[in-house]
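Engineer: Can you keep this structure in mind? I'll have questions shortly.
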Amino acid sequence: MISQQIYTKCDLPWKKNKRAIEICCKSTIQIPLIPEICLTIPCNGCFSFCSGTPYHIPITIEATHTLSPQVHFAPHYLSNLDDMVGVRVFTPTIYFYQPDEWELRGDCVFRVMKEGLVKVLVPYYPFAGKIRELENGKLEVFFDSNQGILFIESNSDTSLADLGDLSVPNPAWRKLIHSFPDEEQYKVVNMPLVIAQVTKFKCGGFSLGLRLCHCLCDGLGAMQFLSAWAETAKSNALVIDPEPCWDREIFLPRNPPRIEFEHDEFKCLEEGSNLTKCLWEGKLVQKCYRISRGYQVHLKLLAQANGDLCFTSFDAMAAHVWRCWVRAMKVEPHDYELRLTFSVNARGKIKDPPLRSGFYGNVLCVACTTITVDRLVHGSLSETARLVHEARSRISEEFPMYESADFGWGEPVYIGPMDLTPTPQICVFLPEGRDKEGMMLCICLPESASNSFGTLLMEHAIQ
């Protein structure tokens with residue numbers, strides 16, 4: 001049985017936001033690396049559409065706390081990697097936990113989560129600071145008595161079962177992740193760097209809605225912080241492994257600066273196609289597809305059938321999704337140059353000196369490849385997979401693996417984003433299934449292209 005759920009957003013508030021458009025890189029489809037993404041895609045059969053249920057979630061905020069270690073430090077330097085285009089953002093992630101025996105043990109989820117966070121803030125004290133912008137445009141973390149992590153306790157008179165399919169992103173969950181009234185998009189200056197909302201449901205389950213400032217950490221760094229918080233909450237004692245370290249000064253720019261490489265990922269693309277109009281002026285839909293391990297292996301074998309390179313599942317999947325997306329969008333003109341970017345962990349490339357194991361700052365480099373519409377649409381899967389492979393190999397072979405957060409009530413049934421429509425140029429790969437061998441592909445595109453995309457995605461279906 002095939003089912004699907006479409007979420008639409010017509011009146012998008014960011015359409016008039018100049019910085020938002022600059023960050024979105026107009027003619028680029030991005031595959032970002034955030035805590036909930038596993039870029040090495042392990043994956044039984046083919047794939048199917050996934051359903052979610054739009055639902056109004058009644059929320060009552062019971063208490064709001066500002067948590068701080070009450071220790072003051074000198075301002076902390078943020079590197080250029082902490083301030084790249086697209087990093088001055090908060091990354092929202094939702095975690096759902098099913099009912100367990102915790103109520104029978106007399107534990108209070110609010111107390112356990114809050115006390116664990118207070119303990120872990122001692123070694124991770126920069127998360128309790130705030131960011132300010134200096135006269136030269138650079139960012140730094142500063143500390144004073146009027147700041148800290150925002151921790152929100154809320155209740156909902158509904159059950160997790162009422163929220164629909166908890167395996168796919170759903171924009172209806174947005175009330176489970178706190179935002180301020182009239183909050184300016186992409187604002188990180190003078191904001192709490194961590195905003196955590198814990199919501200208890202009447203069924204006994206709960207959710208953690210988390211917003212982390214990307215300037216402070218990349219995907220691996222966020223997982224390191226979250227793992228320390230979860231282990232500390234579960235054991236009721238501070239657990240940190242590895243020991244966190246700041247060490248951003250290792251990335252101080254050279255003086256005088258030297259530009260030794262081309263950086264296509266940061267070049268401004270000239271407006272010359274219908275892609276921007278399709279994405280930012282049309283009616284957008286969010287769709288999710290479950291893709292089996294068997295289909296991923298099948299695509300990988302197809303991609304490397306005509307060459308001697310050994311492609312990964314990511315190479316093949318990224319190439320296939322990019323080609324399907326552009327073909328479904330009917331991008332014109334055909335001589336227009338498109339760009340694919342995705343984040344790659346570069347920790348293993350830093351040798352002199354090497355980074356300490358507890359470093360949690362941004363060490364993600366943006367891999368980039370370009371191709372004309374005509375070559376992408378009419379070329380082979382092998383050619384596009386080769387471009388992805390070469391872009392990835394120029395930086396590193398390493399990808400962060402997905403990790404969950406067990407605060408003492410078992411692993412979450414879902415970790416991931418809730419709404420992709422504000423960033424329709426982004427495609428998200430999520431691990432799927434208990435063994436994490438399947439993959440969830442989440443993508444946004446104009447409503448007029450949605451059916452065509454699904455058909456194209458299946459064109460290599462296993463017979």
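A note on labels: chains of the structure tokens are A, B, ... as shown, every chain counts residues from 1, and ligands are counted from 1 in their shown order.
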Can you tell me, as an MDAnalysis selection string, which residues in range 178-382 of chain A count as strand (DSSP E) by DSSP?

Structural biologist: chainID A and resid 194:201 206:213 284:291 337:345 364:372

Engineer: Measuring between only C-alpha atoms, which one of A:Lys283, A:Arg323, A:Arg386, A:His65 shows the shortest distance to Leu309 in chain A?

Structural biologist: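 Going through A:Lys283, A:Arg323, A:Arg386, A:His65 one by one, the smallest distance to Leu309 in chain A is for A:Arg386.
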
Engineer: Could you list, as a list in words, every residue within 9 Å of Ala316 in chain A, counting only C-alpha atoms and ignoring same-chain residues fewer than 3 positions away?

Structural biologist: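 In the requested format, the answer is Gln296, Val297, Leu299, Lys300, Leu301, Leu302, Ala303, Gln304, Phe311, Thr312, Ser313, Ala319, His320, Val321, Leu381, Ser382, Thr384, Ala385, Arg386, Val388 and His389 of chain A.
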
Engineer: Hey, can you spit out that residue selection with N, CA and C atoms as a tab-separated table (two decimals), in the first residue's frame?

Structural biologist:
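The new file out19.tsv reads:
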chain	number	residue	atom	x	y	z
A	296	GLN	N	19.21	1.12	-2.49
A	296	GLN	CA	20.45	1.89	-2.45
A	296	GLN	C	21.61	1.09	-3.05
A	297	VAL	N	21.69	-0.19	-2.70
A	297	VAL	CA	22.75	-1.05	-3.26
A	297	VAL	C	22.58	-1.16	-4.77
A	299	LEU	N	21.22	1.04	-6.84
A	299	LEU	CA	21.66	2.28	-7.47
A	299	LEU	C	23.18	2.38	-7.51
A	300	LYS	N	23.82	1.96	-6.43
A	300	LYS	CA	25.28	2.03	-6.38
A	300	LYS	C	25.90	1.14	-7.45
A	301	LEU	N	25.36	-0.05	-7.66
A	301	LEU	CA	25.87	-0.94	-8.69
A	301	LEU	C	25.64	-0.37	-10.08
A	302	LEU	N	24.49	0.26	-10.29
A	302	LEU	CA	24.23	0.90	-11.58
A	302	LEU	C	25.21	2.04	-11.84
A	303	ALA	N	25.50	2.81	-10.80
A	303	ALA	CA	26.37	3.97	-10.95
A	303	ALA	C	27.80	3.57	-11.31
A	304	GLN	N	28.29	2.48	-10.75
A	304	GLN	CA	29.68	2.11	-11.01
A	304	GLN	C	29.83	1.03	-12.08
A	311	PHE	N	32.04	3.59	-5.85
A	311	PHE	CA	31.19	4.61	-5.27
A	311	PHE	C	30.57	4.12	-3.96
A	312	THR	N	30.27	5.07	-3.09
A	312	THR	CA	29.51	4.76	-1.88
A	312	THR	C	28.02	4.89	-2.19
A	313	SER	N	27.20	4.41	-1.26
A	313	SER	CA	25.76	4.59	-1.41
A	313	SER	C	25.41	6.07	-1.45
A	319	ALA	N	23.57	11.63	-6.30
A	319	ALA	CA	23.52	11.86	-7.74
A	319	ALA	C	22.11	11.60	-8.28
A	320	HIS	N	21.49	10.50	-7.87
A	320	HIS	CA	20.16	10.15	-8.36
A	320	HIS	C	19.11	11.17	-7.92
A	321	VAL	N	19.15	11.57	-6.66
A	321	VAL	CA	18.17	12.55	-6.17
A	321	VAL	C	18.36	13.89	-6.85
A	381	LEU	N	23.84	8.36	-14.82
A	381	LEU	CA	23.96	8.32	-13.37
A	381	LEU	C	25.43	8.19	-12.97
A	382	SER	N	26.19	7.42	-13.72
A	382	SER	CA	27.61	7.22	-13.42
A	382	SER	C	28.38	8.53	-13.46
A	384	THR	N	27.27	11.62	-12.98
A	384	THR	CA	26.93	12.48	-11.84
A	384	THR	C	27.49	11.91	-10.54
A	385	ALA	N	27.42	10.59	-10.38
A	385	ALA	CA	27.99	9.97	-9.17
A	385	ALA	C	29.49	10.21	-9.09
A	386	ARG	N	30.15	10.22	-10.23
A	386	ARG	CA	31.59	10.49	-10.25
A	386	ARG	C	31.87	11.91	-9.76
A	388	VAL	N	30.05	13.68	-7.66
A	388	VAL	CA	29.83	13.70	-6.21
A	388	VAL	C	31.00	13.05	-5.50
A	389	HIS	N	31.44	11.90	-6.01
A	389	HIS	CA	32.55	11.16	-5.41
A	389	HIS	C	33.82	12.02	-5.38

Engineer: Neighbours of Val89 in chain A within 10 Å (only C-alpha atoms; same-chain residues fewer than 2 positions away dropped), as a ChimeraX atom specification?

Structural biologist: /A:83,85-87,91-92,185-188,211-215

Engineer: Please, what distance in Å, to one decimal, runs between CA of Glu432 in chain A and CA of Val363 in chain A?

Structural biologist: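 Computing it gives 26.0 Å between the two atoms.
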
Engineer: Tell me which of A:Ile240, A:Met113, A:Val141, A:Ile250 sits closest to Met191 in chain A, counting only C-alpha atoms.

Structural biologist: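 Among the listed residues, the smallest separation from Met191 in chain A belongs to A:Val141.
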
Engineer: CA of Phe90 in chain A and CA of Met418 in chain A, how far apart in Å?

Structural biologist: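 Here the two named atoms are 13.5 Å from each other.
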
Engineer: Go through A:Ala391, A:Val377, A:Leu81, A:Val168 one by one, measure the shortest atom-to-atom distance of each to Pro431 in chain A using only C-alpha atoms, and give the residue with the smallest value.

Structural biologist: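 Nearest candidate to Pro431 in chain A out of A:Ala391, A:Val377, A:Leu81, A:Val168: A:Val168.
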
Engineer: A:Asp144, A:Glu271, A:Glu184, A:Glu153: which is nearest Glu62 in chain A, counting only C-alpha atoms?

Structural biologist: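 For Glu62 in chain A, the nearest of the candidates is A:Glu153.
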
Engineer: Grab the CA of Thr370 in chain A to CA of Gly438 in chain A distance for me, in Å with one decimal place.

Structural biologist: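 According to the coordinates, CA of Thr370 in chain A and CA of Gly438 in chain A are separated by 28.5 Å.
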
Engineer: If you count only C-alpha atoms, which residues fall within 12 Å of Cys324 in chain A, apart from same-chain ones fewer than 3 positions away, as an NGL selection string?

Structural biologist: :A and (29 or 317-321 or 327-331 or 373 or 376-378 or 380-381 or 384 or 443 or 445 or 449-460)

Engineer: Neighbours of Cys203 in chain A within 9 Å (only C-alpha atoms; same-chain residues fewer than 2 positions away dropped), as a list of chain:residue names?

Structural biologist: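 Counting only C-alpha atoms, the residues come to A:Gln98, A:Pro99, A:Asp157, A:Thr158, A:Ser159, A:Leu160, A:Ala161, A:Lys200, A:Phe201, A:Gly205, A:Phe206.
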
Engineer: Residues near Gly408 in chain A, anyone? I mean within 10 Å using only C-alpha atoms, not counting same-chain ones fewer than 4 positions away, as a ChimeraX atom specification.

Structural biologist: /A:100,102,109,112-113,230-236

Engineer: Could you save those same residues with N, CA and C atoms as a JSON list (two decimals), in the first residue's frame?

Structural biologist:
[["chain", "number", "residue", "atom", "x", "y", "z"],
["A", 100, "ASP", "N", 7.15, 4.82, 29.11],
["A", 100, "ASP", "CA", 7.98, 3.76, 29.68],
["A", 100, "ASP", "C", 7.62, 3.62, 31.15],
["A", 102, "TRP", "N", 9.04, 4.98, 33.59],
["A", 102, "TRP", "CA", 9.60, 6.07, 34.39],
["A", 102, "TRP", "C", 8.60, 6.64, 35.38],
["A", 109, "VAL", "N", 10.33, 13.70, 34.61],
["A", 109, "VAL", "CA", 11.15, 13.93, 33.42],
["A", 109, "VAL", "C", 11.72, 15.34, 33.41],
["A", 112, "VAL", "N", 14.74, 15.42, 36.00],
["A", 112, "VAL", "CA", 15.91, 14.66, 35.56],
["A", 112, "VAL", "C", 16.61, 15.36, 34.39],
["A", 113, "MET", "N", 15.82, 15.83, 33.42],
["A", 113, "MET", "CA", 16.41, 16.50, 32.27],
["A", 113, "MET", "C", 17.09, 17.81, 32.68],
["A", 230, "ALA", "N", 22.67, 13.40, 27.99],
["A", 230, "ALA", "CA", 21.85, 12.20, 28.18],
["A", 230, "ALA", "C", 22.47, 11.25, 29.20],
["A", 231, "GLU", "N", 23.78, 10.99, 29.08],
["A", 231, "GLU", "CA", 24.44, 10.08, 30.00],
["A", 231, "GLU", "C", 24.46, 10.64, 31.42],
["A", 232, "THR", "N", 24.63, 11.94, 31.54],
["A", 232, "THR", "CA", 24.62, 12.58, 32.85],
["A", 232, "THR", "C", 23.25, 12.49, 33.49],
["A", 233, "ALA", "N", 22.20, 12.75, 32.70],
["A", 233, "ALA", "CA", 20.83, 12.66, 33.23],
["A", 233, "ALA", "C", 20.49, 11.23, 33.65],
["A", 234, "LYS", "N", 20.93, 10.27, 32.85],
["A", 234, "LYS", "CA", 20.60, 8.87, 33.12],
["A", 234, "LYS", "C", 21.30, 8.34, 34.37],
["A", 235, "SER", "N", 22.54, 8.78, 34.60],
["A", 235, "SER", "CA", 23.31, 8.26, 35.72],
["A", 235, "SER", "C", 23.25, 9.16, 36.95],
["A", 236, "ASN", "N", 22.65, 10.35, 36.82],
["A", 236, "ASN", "CA", 22.59, 11.32, 37.91],
["A", 236, "ASN", "C", 23.98, 11.69, 38.42]]

Engineer: With distances taken over only C-alpha atoms, which residue among A:Gln70, A:Asn80, A:Ser227, A:Ser154 lies nearest Phe407 in chain A?

Structural biologist: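 Under the stated criterion, the closest residue is A:Ser227.
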
Engineer: Looking at only C-alpha atoms, which of A:Pro181, A:Gly361, A:Gly410, A:Pro424 is the one that sits closest to Gln224 in chain A?

Structural biologist: A:Gly361

Engineer: Which residues in range 61-176 of chain A does DSSP call helix (DSSP H, G or I)? List them as a PyMOL selection string.

Structural biologist: chain A and resi 80-83+109-120+125-128+160-163+171-176

Engineer: Let me see the file: selected residues, N, CA and C atoms, as a PDB file, in the first residue's frame.

Structural biologist:
ATOM      1  N   ASN A  80      36.441  31.226  11.583  1.00  0.00           N
ATOM      2  CA  ASN A  80      35.724  31.481  10.339  1.00  0.00           C
ATOM      3  C   ASN A  80      34.814  30.318   9.968  1.00  0.00           C
ATOM      4  N   LEU A  81      35.191  29.098  10.381  1.00  0.00           N
ATOM      5  CA  LEU A  81      34.319  27.950  10.131  1.00  0.00           C
ATOM      6  C   LEU A  81      33.037  28.034  10.948  1.00  0.00           C
ATOM      7  N   ASP A  82      33.089  28.756  12.075  1.00  0.00           N
ATOM      8  CA  ASP A  82      31.900  28.944  12.901  1.00  0.00           C
ATOM      9  C   ASP A  82      31.011  30.067  12.371  1.00  0.00           C
ATOM     10  N   ASP A  83      31.454  30.728  11.313  1.00  0.00           N
ATOM     11  CA  ASP A  83      30.728  31.903  10.819  1.00  0.00           C
ATOM     12  C   ASP A  83      30.591  31.872   9.301  1.00  0.00           C
ATOM     13  N   VAL A 109      10.328  13.700  34.607  1.00  0.00           N
ATOM     14  CA  VAL A 109      11.150  13.928  33.420  1.00  0.00           C
ATOM     15  C   VAL A 109      11.722  15.339  33.411  1.00  0.00           C
ATOM     16  N   PHE A 110      10.942  16.320  33.873  1.00  0.00           N
ATOM     17  CA  PHE A 110      11.448  17.691  33.908  1.00  0.00           C
ATOM     18  C   PHE A 110      12.665  17.803  34.831  1.00  0.00           C
ATOM     19  N   ARG A 111      12.542  17.226  36.025  1.00  0.00           N
ATOM     20  CA  ARG A 111      13.620  17.338  37.006  1.00  0.00           C
ATOM     21  C   ARG A 111      14.889  16.638  36.511  1.00  0.00           C
ATOM     22  N   VAL A 112      14.744  15.419  36.002  1.00  0.00           N
ATOM     23  CA  VAL A 112      15.906  14.655  35.557  1.00  0.00           C
ATOM     24  C   VAL A 112      16.606  15.357  34.390  1.00  0.00           C
ATOM     25  N   MET A 113      15.818  15.831  33.422  1.00  0.00           N
ATOM     26  CA  MET A 113      16.405  16.505  32.266  1.00  0.00           C
ATOM     27  C   MET A 113      17.087  17.806  32.680  1.00  0.00           C
ATOM     28  N   LYS A 114      16.435  18.574  33.549  1.00  0.00           N
ATOM     29  CA  LYS A 114      16.990  19.866  33.956  1.00  0.00           C
ATOM     30  C   LYS A 114      18.252  19.688  34.800  1.00  0.00           C
ATOM     31  N   GLU A 115      18.216  18.761  35.759  1.00  0.00           N
ATOM     32  CA  GLU A 115      19.386  18.556  36.608  1.00  0.00           C
ATOM     33  C   GLU A 115      20.572  18.025  35.809  1.00  0.00           C
ATOM     34  N   GLY A 116      20.304  17.161  34.841  1.00  0.00           N
ATOM     35  CA  GLY A 116      21.381  16.688  33.984  1.00  0.00           C
ATOM     36  C   GLY A 116      21.993  17.808  33.177  1.00  0.00           C
ATOM     37  N   LEU A 117      21.167  18.716  32.686  1.00  0.00           N
ATOM     38  CA  LEU A 117      21.657  19.840  31.891  1.00  0.00           C
ATOM     39  C   LEU A 117      22.499  20.786  32.741  1.00  0.00           C
ATOM     40  N   VAL A 118      22.069  21.050  33.968  1.00  0.00           N
ATOM     41  CA  VAL A 118      22.835  21.918  34.863  1.00  0.00           C
ATOM     42  C   VAL A 118      24.224  21.333  35.107  1.00  0.00           C
ATOM     43  N   LYS A 119      24.295  20.022  35.319  1.00  0.00           N
ATOM     44  CA  LYS A 119      25.597  19.382  35.571  1.00  0.00           C
ATOM     45  C   LYS A 119      26.504  19.469  34.355  1.00  0.00           C
ATOM     46  N   VAL A 120      25.955  19.204  33.182  1.00  0.00           N
ATOM     47  CA  VAL A 120      26.799  19.154  31.994  1.00  0.00           C
ATOM     48  C   VAL A 120      27.226  20.546  31.543  1.00  0.00           C
ATOM     49  N   TYR A 125      30.365  25.053  29.453  1.00  0.00           N
ATOM     50  CA  TYR A 125      29.880  26.391  29.820  1.00  0.00           C
ATOM     51  C   TYR A 125      29.667  27.341  28.634  1.00  0.00           C
ATOM     52  N   PRO A 126      30.415  27.234  27.487  1.00  0.00           N
ATOM     53  CA  PRO A 126      30.138  28.173  26.390  1.00  0.00           C
ATOM     54  C   PRO A 126      28.704  28.113  25.868  1.00  0.00           C
ATOM     55  N   PHE A 127      28.019  26.967  26.053  1.00  0.00           N
ATOM     56  CA  PHE A 127      26.638  26.867  25.601  1.00  0.00           C
ATOM     57  C   PHE A 127      25.715  27.790  26.396  1.00  0.00           C
ATOM     58  N   ALA A 128      26.157  28.254  27.561  1.00  0.00           N
ATOM     59  CA  ALA A 128      25.357  29.165  28.377  1.00  0.00           C
ATOM     60  C   ALA A 128      25.672  30.627  28.094  1.00  0.00           C
ATOM     61  N   LEU A 160       0.941  10.824  22.114  1.00  0.00           N
ATOM     62  CA  LEU A 160       1.826  10.694  20.961  1.00  0.00           C
ATOM     63  C   LEU A 160       1.119  10.043  19.783  1.00  0.00           C
ATOM     64  N   ALA A 161       0.198   9.112  20.073  1.00  0.00           N
ATOM     65  CA  ALA A 161      -0.530   8.436  19.001  1.00  0.00           C
ATOM     66  C   ALA A 161      -1.363   9.402  18.180  1.00  0.00           C
ATOM     67  N   ASP A 162      -1.738  10.547  18.769  1.00  0.00           N
ATOM     68  CA  ASP A 162      -2.542  11.534  18.049  1.00  0.00           C
ATOM     69  C   ASP A 162      -1.719  12.347  17.054  1.00  0.00           C
ATOM     70  N   LEU A 163      -0.403  12.248  17.137  1.00  0.00           N
ATOM     71  CA  LEU A 163       0.466  13.077  16.296  1.00  0.00           C
ATOM     72  C   LEU A 163       0.716  12.484  14.923  1.00  0.00           C
ATOM     73  N   PRO A 171       5.300  19.499   9.902  1.00  0.00           N
ATOM     74  CA  PRO A 171       5.284  20.905  10.314  1.00  0.00           C
ATOM     75  C   PRO A 171       4.349  21.190  11.485  1.00  0.00           C
ATOM     76  N   ALA A 172       3.380  20.306  11.733  1.00  0.00           N
ATOM     77  CA  ALA A 172       2.460  20.516  12.852  1.00  0.00           C
ATOM     78  C   ALA A 172       3.158  20.406  14.204  1.00  0.00           C
ATOM     79  N   TRP A 173       4.385  19.890  14.216  1.00  0.00           N
ATOM     80  CA  TRP A 173       5.116  19.746  15.477  1.00  0.00           C
ATOM     81  C   TRP A 173       5.792  21.036  15.925  1.00  0.00           C
ATOM     82  N   ARG A 174       5.660  22.111  15.186  1.00  0.00           N
ATOM     83  CA  ARG A 174       6.475  23.297  15.472  1.00  0.00           C
ATOM     84  C   ARG A 174       6.245  23.856  16.871  1.00  0.00           C
ATOM     85  N   LYS A 175       5.065  23.627  17.472  1.00  0.00           N
ATOM     86  CA  LYS A 175       4.825  24.130  18.824  1.00  0.00           C
ATOM     87  C   LYS A 175       5.624  23.372  19.872  1.00  0.00           C
ATOM     88  N   LEU A 176       6.233  22.261  19.475  1.00  0.00           N
ATOM     89  CA  LEU A 176       7.049  21.478  20.393  1.00  0.00           C
ATOM     90  C   LEU A 176       8.495  21.960  20.430  1.00  0.00           C
TER      91      LEU A 176
END
